[in-house]
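**Q** One file is attached below, work-v9.pdb, containing PDB, C-alpha atoms.
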```
MODEL        1
ATOM      1  CA  MET A   1      10.732 -15.119  -8.879  1.00  0.00           C
ATOM      2  CA  LYS A   2       8.329 -15.879  -6.075  1.00  0.00           C
ATOM      3  CA  ILE A   3       4.753 -14.623  -6.467  1.00  0.00           C
ATOM      4  CA  ALA A   4       4.146 -12.933  -3.151  1.00  0.00           C
ATOM      5  CA  ALA A   5       1.001 -10.899  -3.602  1.00  0.00           C
ATOM      6  CA  LYS A   6      -1.699  -9.658  -5.894  1.00  0.00           C
ATOM      7  CA  PHE A   7      -3.448  -6.372  -6.591  1.00  0.00           C
ATOM      8  CA  GLU A   8      -7.224  -5.988  -6.675  1.00  0.00           C
ATOM      9  CA  PHE A   9      -9.614  -3.110  -7.181  1.00  0.00           C
ATOM     10  CA  VAL A  10     -11.625  -1.810  -4.242  1.00  0.00           C
ATOM     11  CA  SER A  11     -15.391  -1.933  -4.769  1.00  0.00           C
ATOM     12  CA  LYS A  12     -17.041   0.828  -6.755  1.00  0.00           C
ATOM     13  CA  GLU A  13     -18.971   1.831  -3.607  1.00  0.00           C
ATOM     14  CA  GLN A  14     -15.738   2.267  -1.647  1.00  0.00           C
ATOM     15  CA  TYR A  15     -14.146   4.262  -4.449  1.00  0.00           C
ATOM     16  CA  LEU A  16     -17.147   6.601  -4.546  1.00  0.00           C
ATOM     17  CA  LYS A  17     -16.760   7.194  -0.794  1.00  0.00           C
ATOM     18  CA  ASP A  18     -13.071   8.042  -1.128  1.00  0.00           C
ATOM     19  CA  PHE A  19     -13.143  10.101  -4.323  1.00  0.00           C
ATOM     20  CA  GLU A  20     -13.367  13.867  -3.699  1.00  0.00           C
ATOM     21  CA  PHE A  21     -14.790  14.830  -7.097  1.00  0.00           C
ATOM     22  CA  LYS A  22     -17.989  12.790  -6.882  1.00  0.00           C
ATOM     23  CA  GLU A  23     -19.377  13.750 -10.297  1.00  0.00           C
ATOM     24  CA  ASP A  24     -16.418  12.087 -12.067  1.00  0.00           C
ATOM     25  CA  ALA A  25     -15.976   9.062  -9.791  1.00  0.00           C
ATOM     26  CA  CYS A  26     -17.912   6.459 -11.833  1.00  0.00           C
ATOM     27  CA  GLU A  27     -16.103   7.291 -15.062  1.00  0.00           C
ATOM     28  CA  VAL A  28     -12.700   7.348 -13.326  1.00  0.00           C
ATOM     29  CA  TYR A  29     -13.400   4.009 -11.612  1.00  0.00           C
ATOM     30  CA  SER A  30     -14.199   2.333 -14.941  1.00  0.00           C
ATOM     31  CA  LYS A  31     -10.732   3.259 -16.260  1.00  0.00           C
ATOM     32  CA  LEU A  32      -8.604   2.195 -13.272  1.00  0.00           C
ATOM     33  CA  LYS A  33      -5.445   0.205 -14.026  1.00  0.00           C
ATOM     34  CA  LYS A  34      -3.792  -2.305 -11.720  1.00  0.00           C
ATOM     35  CA  PRO A  35      -0.113  -1.680 -10.942  1.00  0.00           C
ATOM     36  CA  HIS A  36       2.372  -3.385 -13.269  1.00  0.00           C
ATOM     37  CA  ARG A  37       6.125  -3.812 -13.507  1.00  0.00           C
ATOM     38  CA  ALA A  38       7.621  -1.956 -16.473  1.00  0.00           C
ATOM     39  CA  THR A  39      10.113  -4.737 -17.265  1.00  0.00           C
ATOM     40  CA  ALA A  40      10.715  -8.332 -16.207  1.00  0.00           C
ATOM     41  CA  MET A  41      13.520  -7.186 -13.891  1.00  0.00           C
ATOM     42  CA  SER A  42      11.690  -4.233 -12.327  1.00  0.00           C
ATOM     43  CA  ALA A  43      11.325  -4.487  -8.547  1.00  0.00           C
ATOM     44  CA  GLY A  44       8.648  -1.797  -8.424  1.00  0.00           C
ATOM     45  CA  TYR A  45       5.045  -1.956  -9.588  1.00  0.00           C
ATOM     46  CA  ASP A  46       3.996   1.321 -11.194  1.00  0.00           C
ATOM     47  CA  PHE A  47       0.863   2.918  -9.732  1.00  0.00           C
ATOM     48  CA  TYR A  48      -1.078   4.812 -12.382  1.00  0.00           C
ATOM     49  CA  SER A  49      -2.935   8.041 -11.882  1.00  0.00           C
ATOM     50  CA  PRO A  50      -6.699   7.604 -12.235  1.00  0.00           C
ATOM     51  CA  PHE A  51      -7.060  11.190 -13.518  1.00  0.00           C
ATOM     52  CA  ASP A  52      -5.079  14.127 -14.911  1.00  0.00           C
ATOM     53  CA  PHE A  53      -3.509  16.457 -12.375  1.00  0.00           C
ATOM     54  CA  HIS A  54      -1.235  19.489 -12.287  1.00  0.00           C
ATOM     55  CA  LEU A  55       1.028  20.340  -9.353  1.00  0.00           C
ATOM     56  CA  GLU A  56       2.788  23.648  -9.025  1.00  0.00           C
ATOM     57  CA  PRO A  57       5.784  23.701  -6.672  1.00  0.00           C
ATOM     58  CA  GLY A  58       4.572  23.334  -3.092  1.00  0.00           C
ATOM     59  CA  MET A  59       1.180  21.879  -4.083  1.00  0.00           C
ATOM     60  CA  THR A  60      -0.146  18.605  -2.668  1.00  0.00           C
ATOM     61  CA  ILE A  61      -2.740  16.127  -3.938  1.00  0.00           C
ATOM     62  CA  LYS A  62      -4.313  12.986  -2.460  1.00  0.00           C
ATOM     63  CA  ILE A  63      -4.872  10.273  -5.060  1.00  0.00           C
ATOM     64  CA  PRO A  64      -7.374   7.467  -4.442  1.00  0.00           C
ATOM     65  CA  THR A  65      -5.749   4.696  -6.483  1.00  0.00           C
ATOM     66  CA  GLY A  66      -8.709   2.289  -6.328  1.00  0.00           C
ATOM     67  CA  ILE A  67      -6.176  -0.440  -5.504  1.00  0.00           C
ATOM     68  CA  ARG A  68      -5.780  -2.832  -2.587  1.00  0.00           C
ATOM     69  CA  ALA A  69      -3.017  -5.409  -2.086  1.00  0.00           C
ATOM     70  CA  LYS A  70      -3.361  -8.975  -0.815  1.00  0.00           C
ATOM     71  CA  MET A  71      -0.121 -10.448   0.537  1.00  0.00           C
ATOM     72  CA  PRO A  72       1.140 -12.973   3.095  1.00  0.00           C
ATOM     73  CA  GLU A  73       1.345 -11.738   6.677  1.00  0.00           C
ATOM     74  CA  ASP A  74       5.157 -11.490   6.606  1.00  0.00           C
ATOM     75  CA  TYR A  75       5.158  -9.086   3.652  1.00  0.00           C
ATOM     76  CA  VAL A  76       4.739  -5.347   3.374  1.00  0.00           C
ATOM     77  CA  LEU A  77       4.156  -3.126   0.337  1.00  0.00           C
ATOM     78  CA  MET A  78       6.423  -0.076   0.332  1.00  0.00           C
ATOM     79  CA  ILE A  79       5.259   2.887  -1.774  1.00  0.00           C
ATOM     80  CA  TYR A  80       7.677   5.452  -3.224  1.00  0.00           C
ATOM     81  CA  PRO A  81       7.496   8.163  -5.896  1.00  0.00           C
ATOM     82  CA  ARG A  82       8.651   6.989  -9.310  1.00  0.00           C
ATOM     83  CA  SER A  83      12.394   7.559  -9.411  1.00  0.00           C
ATOM     84  CA  GLY A  84      12.405   9.912 -12.379  1.00  0.00           C
ATOM     85  CA  LEU A  85       9.689  12.134 -10.895  1.00  0.00           C
ATOM     86  CA  GLY A  86      11.534  12.341  -7.598  1.00  0.00           C
ATOM     87  CA  PHE A  87      14.739  13.241  -9.423  1.00  0.00           C
ATOM     88  CA  LYS A  88      13.242  15.808 -11.827  1.00  0.00           C
ATOM     89  CA  TYR A  89      10.593  17.416  -9.616  1.00  0.00           C
ATOM     90  CA  ARG A  90      11.499  16.329  -6.062  1.00  0.00           C
ATOM     91  CA  LEU A  91       8.110  14.623  -5.999  1.00  0.00           C
ATOM     92  CA  GLN A  92       7.637  13.261  -2.487  1.00  0.00           C
ATOM     93  CA  LEU A  93       5.100  11.213  -0.603  1.00  0.00           C
ATOM     94  CA  ASN A  94       3.794  13.180   2.347  1.00  0.00           C
ATOM     95  CA  ASN A  95       4.573  10.300   4.700  1.00  0.00           C
ATOM     96  CA  THR A  96       8.015   9.884   3.042  1.00  0.00           C
ATOM     97  CA  VAL A  97       7.457   6.166   2.368  1.00  0.00           C
ATOM     98  CA  GLY A  98       4.063   4.495   2.270  1.00  0.00           C
ATOM     99  CA  VAL A  99       3.933   1.336   4.365  1.00  0.00           C
ATOM    100  CA  ILE A 100       1.039  -0.983   3.505  1.00  0.00           C
ATOM    101  CA  ASP A 101       0.835  -3.857   5.995  1.00  0.00           C
ATOM    102  CA  SER A 102      -0.767  -7.160   5.034  1.00  0.00           C
ATOM    103  CA  ASP A 103      -3.664  -6.685   7.479  1.00  0.00           C
ATOM    104  CA  TYR A 104      -4.613  -3.383   5.816  1.00  0.00           C
ATOM    105  CA  TYR A 105      -6.329  -5.511   3.152  1.00  0.00           C
ATOM    106  CA  ASN A 106      -9.124  -6.160   5.683  1.00  0.00           C
ATOM    107  CA  ALA A 107      -9.484  -2.543   6.849  1.00  0.00           C
ATOM    108  CA  LEU A 108     -12.882  -0.854   6.945  1.00  0.00           C
ATOM    109  CA  ASN A 109     -12.021   0.998   3.716  1.00  0.00           C
ATOM    110  CA  GLU A 110     -11.247  -2.339   1.971  1.00  0.00           C
ATOM    111  CA  GLY A 111      -7.520  -1.569   2.182  1.00  0.00           C
ATOM    112  CA  HIS A 112      -7.863   1.260  -0.350  1.00  0.00           C
ATOM    113  CA  ILE A 113      -4.366   2.590  -1.039  1.00  0.00           C
ATOM    114  CA  MET A 114      -4.392   6.377  -1.030  1.00  0.00           C
ATOM    115  CA  ILE A 115      -1.224   8.189  -2.081  1.00  0.00           C
ATOM    116  CA  LYS A 116      -0.653  11.797  -1.040  1.00  0.00           C
ATOM    117  CA  ILE A 117       2.161  13.527  -2.919  1.00  0.00           C
ATOM    118  CA  THR A 118       3.766  16.969  -2.977  1.00  0.00           C
ATOM    119  CA  ASN A 119       5.738  18.691  -5.721  1.00  0.00           C
ATOM    120  CA  ASP A 120       8.679  19.871  -3.618  1.00  0.00           C
ATOM    121  CA  SER A 121      10.541  21.446  -6.555  1.00  0.00           C
ATOM    122  CA  ASN A 122      12.951  24.177  -5.536  1.00  0.00           C
ATOM    123  CA  GLU A 123      13.548  24.994  -9.208  1.00  0.00           C
ATOM    124  CA  GLY A 124      10.039  26.239  -9.978  1.00  0.00           C
ATOM    125  CA  LYS A 125       9.094  23.156 -12.041  1.00  0.00           C
ATOM    126  CA  ALA A 126       5.379  22.355 -12.384  1.00  0.00           C
ATOM    127  CA  LEU A 127       4.387  18.706 -12.741  1.00  0.00           C
ATOM    128  CA  ASP A 128       1.699  17.409 -15.112  1.00  0.00           C
ATOM    129  CA  ILE A 129       0.528  13.805 -14.911  1.00  0.00           C
ATOM    130  CA  LYS A 130      -2.055  12.381 -17.296  1.00  0.00           C
ATOM    131  CA  ALA A 131      -4.616   9.725 -16.442  1.00  0.00           C
ATOM    132  CA  GLY A 132      -3.007   6.299 -16.853  1.00  0.00           C
ATOM    133  CA  GLU A 133       0.530   7.623 -16.315  1.00  0.00           C
ATOM    134  CA  GLY A 134       2.729   6.169 -13.558  1.00  0.00           C
ATOM    135  CA  PHE A 135       3.426   8.482 -10.623  1.00  0.00           C
ATOM    136  CA  ALA A 136       4.405   6.107  -7.796  1.00  0.00           C
ATOM    137  CA  GLN A 137       5.835   2.624  -7.405  1.00  0.00           C
ATOM    138  CA  GLY A 138       5.283  -0.142  -4.905  1.00  0.00           C
ATOM    139  CA  ILE A 139       7.754  -2.807  -3.858  1.00  0.00           C
ATOM    140  CA  PHE A 140       6.768  -5.954  -1.937  1.00  0.00           C
ATOM    141  CA  MET A 141       9.245  -6.840   0.780  1.00  0.00           C
ATOM    142  CA  GLN A 142       9.381  -9.741   3.186  1.00  0.00           C
ATOM    143  CA  TYR A 143      10.250  -8.872   6.776  1.00  0.00           C
ATOM    144  CA  GLY A 144      11.025 -10.596  10.059  1.00  0.00           C
ATOM    145  CA  ILE A 145       9.758  -9.933  13.552  1.00  0.00           C
ATOM    146  CA  ALA A 146      11.106 -10.160  17.083  1.00  0.00           C
ATOM    147  CA  PRO A 147      10.137 -13.283  19.083  1.00  0.00           C
ATOM    148  CA  TYR A 148       7.225 -11.560  20.808  1.00  0.00           C
ATOM    149  CA  PRO A 149       4.958 -10.073  18.114  1.00  0.00           C
ATOM    150  CA  MET A 150       2.386  -8.544  20.495  1.00  0.00           C
ATOM    151  CA  ALA A 151       2.597  -4.884  21.457  1.00  0.00           C
ATOM    152  CA  GLN A 152       3.667  -4.249  25.047  1.00  0.00           C
ATOM    153  CA  SER A 153       0.825  -1.800  25.669  1.00  0.00           C
ATOM    154  CA  PHE A 154      -1.403  -4.154  27.686  1.00  0.00           C
ATOM    155  CA  LEU A 155      -2.138  -3.045  31.242  1.00  0.00           C
ATOM    156  CA  LEU A 156      -1.782  -6.567  32.619  1.00  0.00           C
ATOM    157  CA  PRO A 157       0.555  -8.033  35.243  1.00  0.00           C
ATOM    158  CA  ASN A 158       3.960  -9.021  33.853  1.00  0.00           C
ATOM    159  CA  TYR A 159       3.529 -12.741  34.531  1.00  0.00           C
ATOM    160  CA  PHE A 160       0.333 -12.749  32.414  1.00  0.00           C
ATOM    161  CA  ASN A 161       2.020 -10.860  29.555  1.00  0.00           C
ATOM    162  CA  THR A 162       4.813 -13.476  29.509  1.00  0.00           C
ATOM    163  CA  TRP A 163       2.320 -16.368  29.455  1.00  0.00           C
ATOM    164  CA  LEU A 164       0.221 -14.676  26.733  1.00  0.00           C
ATOM    165  CA  HIS A 165       3.279 -13.925  24.562  1.00  0.00           C
ATOM    166  CA  THR A 166       4.481 -17.513  24.809  1.00  0.00           C
ATOM    167  CA  LYS A 167       1.084 -18.919  23.755  1.00  0.00           C
ATOM    168  CA  PHE A 168       0.715 -16.364  20.934  1.00  0.00           C
ATOM    169  CA  TYR A 169       4.272 -16.969  19.686  1.00  0.00           C
ATOM    170  CA  CYS A 170       3.589 -20.727  19.395  1.00  0.00           C
ATOM    171  CA  PHE A 171       0.357 -20.023  17.512  1.00  0.00           C
ATOM    172  CA  ILE A 172       2.125 -17.652  15.067  1.00  0.00           C
ATOM    173  CA  LYS A 173       4.926 -20.165  14.390  1.00  0.00           C
ATOM    174  CA  LEU A 174       2.374 -22.875  13.561  1.00  0.00           C
ATOM    175  CA  SER A 175       0.304 -20.479  11.414  1.00  0.00           C
ATOM    176  CA  ASN A 176       3.380 -19.364   9.468  1.00  0.00           C
ATOM    177  CA  LYS A 177       4.173 -22.970   8.521  1.00  0.00           C
ATOM    178  CA  ILE A 178       0.635 -23.447   7.192  1.00  0.00           C
ATOM    179  CA  ILE A 179       0.386 -20.065   5.416  1.00  0.00           C
ATOM    180  CA  LYS A 180       3.770 -20.367   3.661  1.00  0.00           C
ATOM    181  CA  ASN A 181       2.404 -23.309   1.688  1.00  0.00           C
ATOM    182  CA  LEU A 182      -0.677 -21.454   0.427  1.00  0.00           C
ATOM    183  CA  PRO A 183      -0.524 -20.273  -3.203  1.00  0.00           C
ATOM    184  CA  TYR A 184      -1.662 -16.760  -4.174  1.00  0.00           C
ATOM    185  CA  PRO A 185      -3.220 -17.182  -7.638  1.00  0.00           C
ATOM    186  CA  ASP A 186      -4.206 -14.273  -9.854  1.00  0.00           C
TER
ENDMDL
END
```
For this file, write the structure as structure tokens.
**A**
Amino acid sequence: MKIAAKFEFVSKEQYLKDFEFKEDACEVYSKLKKPHRATAMSAGYDFYSPFDFHLEPGMTIKIPTGIRAKMPEDYVLMIYPRSGLGFKYRLQLNNTVGVIDSDYYNALNEGHIMIKITNDSNEGKALDIKAGEGFAQGIFMQYGIAPYPMAQSFLLPNYFNTWLHTKFYCFIKLSNKIIKNLPYPD
């Protein structure tokens, strides 16, 4: 299997900014766990809850995972509920599927992955998750792009857009050849 990415913790300062229950943030941060695959053949990396929570049907919670993901530019991390929780409780991510792009790693919030979930049970089932228990899973996927990677939202004359796209496309092709040979150690 190809090693495509690695997980890191966000800084303690960033976690304190993002954690809603400030009085518990330092203790919770000290017990964070990086995502892991349950078995050697698992595609998904389990994301673990940093604290206990209880969700009645219809309730929603935002979970600051304390995790960021470093990956090559042609990869994306897709976040889903753990299969069993989706099946038993209709646990759903509020954005349906979380899409973590490679450039999110450099975001102002250090690429802190926040997961907002809802217990959408129509059977009246409450959900209890303990600290350290898996509640979501992330899968790294490689993707391709169209020949012109720049957004078409520039308010520039068409001839300039064409010239700019051509130059940028050549730069990206060269960069991809260099980046593909870089290792991503632990």
**Q** Starting from the displayed file, determine the output of the PyMOL selection byres ((chain A and resi 119-121) around 10) and express the residue list as a short mmCIF file (atom, residue, chain, number, x, y, z; two decimals) with C-alpha atoms, in the frame of the given file.
**A**
```cif
data_model
loop_
_atom_site.label_atom_id
_atom_site.label_comp_id
_atom_site.auth_asym_id
_atom_site.auth_seq_id
_atom_site.Cartn_x
_atom_site.Cartn_y
_atom_site.Cartn_z
CA HIS A 54 -1.24 19.49 -12.29
CA LEU A 55 1.03 20.34 -9.35
CA GLU A 56 2.79 23.65 -9.02
CA PRO A 57 5.78 23.70 -6.67
CA GLY A 58 4.57 23.33 -3.09
CA MET A 59 1.18 21.88 -4.08
CA THR A 60 -0.15 18.60 -2.67
CA ILE A 61 -2.74 16.13 -3.94
CA LEU A 85 9.69 12.13 -10.90
CA GLY A 86 11.53 12.34 -7.60
CA PHE A 87 14.74 13.24 -9.42
CA LYS A 88 13.24 15.81 -11.83
CA TYR A 89 10.59 17.42 -9.62
CA ARG A 90 11.50 16.33 -6.06
CA LEU A 91 8.11 14.62 -6.00
CA GLN A 92 7.64 13.26 -2.49
CA LEU A 93 5.10 11.21 -0.60
CA ASN A 94 3.79 13.18 2.35
CA ILE A 117 2.16 13.53 -2.92
CA THR A 118 3.77 16.97 -2.98
CA ASN A 122 12.95 24.18 -5.54
CA GLU A 123 13.55 24.99 -9.21
CA GLY A 124 10.04 26.24 -9.98
CA LYS A 125 9.09 23.16 -12.04
CA ALA A 126 5.38 22.36 -12.38
CA LEU A 127 4.39 18.71 -12.74
#
```
**Q** Just the number, please: distance in Å from CA of Met141 in chain A to CA of Ser42 in chain A, one decimal.
**A**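 Going from CA of Met141 in chain A over to CA of Ser42 in chain A covers 13.6 Å.
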**Q** One decimal, Å: what's the distance from CA of Gly134 in chain A over to CA of Gly44 in chain A, could you say?
**A**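 Here the two named atoms are 11.2 Å from each other.
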**Q** Output the residue selection produced by the PyMOL selection byres ((chain A and resi 28) around 10) on the file above, formatted as a list of chain:residue names.
**A**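 Here the PyMOL selection byres ((chain A and resi 28) around 10) matches A:Tyr15, A:Leu16, A:Phe19, A:Phe21, A:Lys22, A:Glu23, A:Asp24, A:Ala25, A:Cys26, A:Glu27, A:Tyr29, A:Ser30, A:Lys31, A:Leu32, A:Ser49, A:Pro50, A:Phe51, A:Gly66, A:Ala131.
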**Q** Would you pick out the contacts of Phe140 in chain A at 7 Å or less, using only C-alpha atoms, so that residues sharing its chain but fewer than 5 positions from it are not included, and give the list as a ChimeraX atom specification?
**A** /A:75-78
**Q** Grab the CA of Phe7 in chain A to CA of Met71 in chain A distance for me, in Å with one decimal place.
**A**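 One can read the CA of Phe7 in chain A to CA of Met71 in chain A distance as 8.9 Å.
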**Q** Run the PyMOL selection byres ((chain A and resi 105) around 12) mentally over the shown coordinates, then write out the matched residues as a PDB file with C-alpha atoms, keeping the file's coordinate frame, using the chain letters and numbers from the document.
**A**
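Okay, expr08.pdb is ready:
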```
ATOM      1  CA  ALA A   5       1.001 -10.899  -3.602  1.00  0.00           C
ATOM      2  CA  LYS A   6      -1.699  -9.658  -5.894  1.00  0.00           C
ATOM      3  CA  PHE A   7      -3.448  -6.372  -6.591  1.00  0.00           C
ATOM      4  CA  GLU A   8      -7.224  -5.988  -6.675  1.00  0.00           C
ATOM      5  CA  PHE A   9      -9.614  -3.110  -7.181  1.00  0.00           C
ATOM      6  CA  VAL A  10     -11.625  -1.810  -4.242  1.00  0.00           C
ATOM      7  CA  ILE A  67      -6.176  -0.440  -5.504  1.00  0.00           C
ATOM      8  CA  ARG A  68      -5.780  -2.832  -2.587  1.00  0.00           C
ATOM      9  CA  ALA A  69      -3.017  -5.409  -2.086  1.00  0.00           C
ATOM     10  CA  LYS A  70      -3.361  -8.975  -0.815  1.00  0.00           C
ATOM     11  CA  MET A  71      -0.121 -10.448   0.537  1.00  0.00           C
ATOM     12  CA  PRO A  72       1.140 -12.973   3.095  1.00  0.00           C
ATOM     13  CA  GLU A  73       1.345 -11.738   6.677  1.00  0.00           C
ATOM     14  CA  VAL A  76       4.739  -5.347   3.374  1.00  0.00           C
ATOM     15  CA  LEU A  77       4.156  -3.126   0.337  1.00  0.00           C
ATOM     16  CA  ILE A 100       1.039  -0.983   3.505  1.00  0.00           C
ATOM     17  CA  ASP A 101       0.835  -3.857   5.995  1.00  0.00           C
ATOM     18  CA  SER A 102      -0.767  -7.160   5.034  1.00  0.00           C
ATOM     19  CA  ASP A 103      -3.664  -6.685   7.479  1.00  0.00           C
ATOM     20  CA  TYR A 104      -4.613  -3.383   5.816  1.00  0.00           C
ATOM     21  CA  ASN A 106      -9.124  -6.160   5.683  1.00  0.00           C
ATOM     22  CA  ALA A 107      -9.484  -2.543   6.849  1.00  0.00           C
ATOM     23  CA  LEU A 108     -12.882  -0.854   6.945  1.00  0.00           C
ATOM     24  CA  ASN A 109     -12.021   0.998   3.716  1.00  0.00           C
ATOM     25  CA  GLU A 110     -11.247  -2.339   1.971  1.00  0.00           C
ATOM     26  CA  GLY A 111      -7.520  -1.569   2.182  1.00  0.00           C
ATOM     27  CA  HIS A 112      -7.863   1.260  -0.350  1.00  0.00           C
ATOM     28  CA  ILE A 113      -4.366   2.590  -1.039  1.00  0.00           C
TER      29      ILE A 113
END
```
**Q** What would the file be for range 124-132 of chain A if you keep all heavy atoms and write it as a JSON list (two decimals), in the first residue's frame?
**A**
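Result file result.json:
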```json
[["chain", "number", "residue", "atom", "x", "y", "z"],
["A", 124, "GLY", "N", -36.29, 6.58, 17.40],
["A", 124, "GLY", "CA", -36.19, 7.04, 18.78],
["A", 124, "GLY", "C", -34.95, 6.58, 19.52],
["A", 124, "GLY", "O", -34.91, 6.58, 20.75],
["A", 125, "LYS", "N", -33.90, 6.20, 18.81],
["A", 125, "LYS", "CA", -32.67, 5.68, 19.44],
["A", 125, "LYS", "C", -31.73, 6.83, 19.81],
["A", 125, "LYS", "O", -31.33, 7.60, 18.95],
["A", 125, "LYS", "CB", -31.94, 4.73, 18.50],
["A", 125, "LYS", "CG", -32.66, 3.44, 18.22],
["A", 125, "LYS", "CD", -31.82, 2.60, 17.28],
["A", 125, "LYS", "CE", -32.49, 1.30, 16.92],
["A", 125, "LYS", "NZ", -31.67, 0.52, 15.97],
["A", 126, "ALA", "N", -31.34, 6.89, 21.08],
["A", 126, "ALA", "CA", -30.33, 7.84, 21.54],
["A", 126, "ALA", "C", -28.95, 7.22, 21.32],
["A", 126, "ALA", "O", -28.79, 6.00, 21.36],
["A", 126, "ALA", "CB", -30.54, 8.17, 23.01],
["A", 127, "LEU", "N", -27.97, 8.08, 21.09],
["A", 127, "LEU", "CA", -26.61, 7.62, 20.82],
["A", 127, "LEU", "C", -25.68, 8.12, 21.91],
["A", 127, "LEU", "O", -25.69, 9.30, 22.25],
["A", 127, "LEU", "CB", -26.14, 8.19, 19.46],
["A", 127, "LEU", "CG", -24.68, 8.00, 19.08],
["A", 127, "LEU", "CD1", -24.36, 6.52, 18.86],
["A", 127, "LEU", "CD2", -24.35, 8.80, 17.83],
["A", 128, "ASP", "N", -24.89, 7.21, 22.48],
["A", 128, "ASP", "CA", -23.88, 7.56, 23.48],
["A", 128, "ASP", "C", -22.51, 7.15, 22.95],
["A", 128, "ASP", "O", -22.29, 6.00, 22.60],
["A", 128, "ASP", "CB", -24.15, 6.85, 24.80],
["A", 128, "ASP", "CG", -25.35, 7.41, 25.52],
["A", 128, "ASP", "OD1", -25.30, 8.59, 25.90],
["A", 128, "ASP", "OD2", -26.34, 6.67, 25.69],
["A", 129, "ILE", "N", -21.61, 8.12, 22.92],
["A", 129, "ILE", "CA", -20.23, 7.87, 22.50],
["A", 129, "ILE", "C", -19.32, 8.28, 23.65],
["A", 129, "ILE", "O", -19.45, 9.37, 24.20],
["A", 129, "ILE", "CB", -19.86, 8.67, 21.23],
["A", 129, "ILE", "CG1", -20.75, 8.27, 20.06],
["A", 129, "ILE", "CG2", -18.39, 8.54, 20.89],
["A", 129, "ILE", "CD1", -20.46, 6.91, 19.48],
["A", 130, "LYS", "N", -18.40, 7.42, 23.99],
["A", 130, "LYS", "CA", -17.43, 7.70, 25.05],
["A", 130, "LYS", "C", -16.16, 8.31, 24.47],
["A", 130, "LYS", "O", -15.83, 8.09, 23.30],
["A", 130, "LYS", "CB", -17.06, 6.41, 25.81],
["A", 130, "LYS", "CG", -18.23, 5.73, 26.47],
["A", 130, "LYS", "CD", -18.70, 6.53, 27.64],
["A", 130, "LYS", "CE", -19.84, 5.84, 28.35],
["A", 130, "LYS", "NZ", -20.61, 6.76, 29.17],
["A", 131, "ALA", "N", -15.43, 9.04, 25.28],
["A", 131, "ALA", "CA", -14.15, 9.59, 24.86],
["A", 131, "ALA", "C", -13.25, 8.45, 24.39],
["A", 131, "ALA", "O", -13.18, 7.40, 25.05],
["A", 131, "ALA", "CB", -13.48, 10.36, 26.00],
["A", 132, "GLY", "N", -12.59, 8.63, 23.26],
["A", 132, "GLY", "CA", -11.71, 7.59, 22.72],
["A", 132, "GLY", "C", -12.41, 6.59, 21.83],
["A", 132, "GLY", "O", -11.76, 5.71, 21.26]]
```
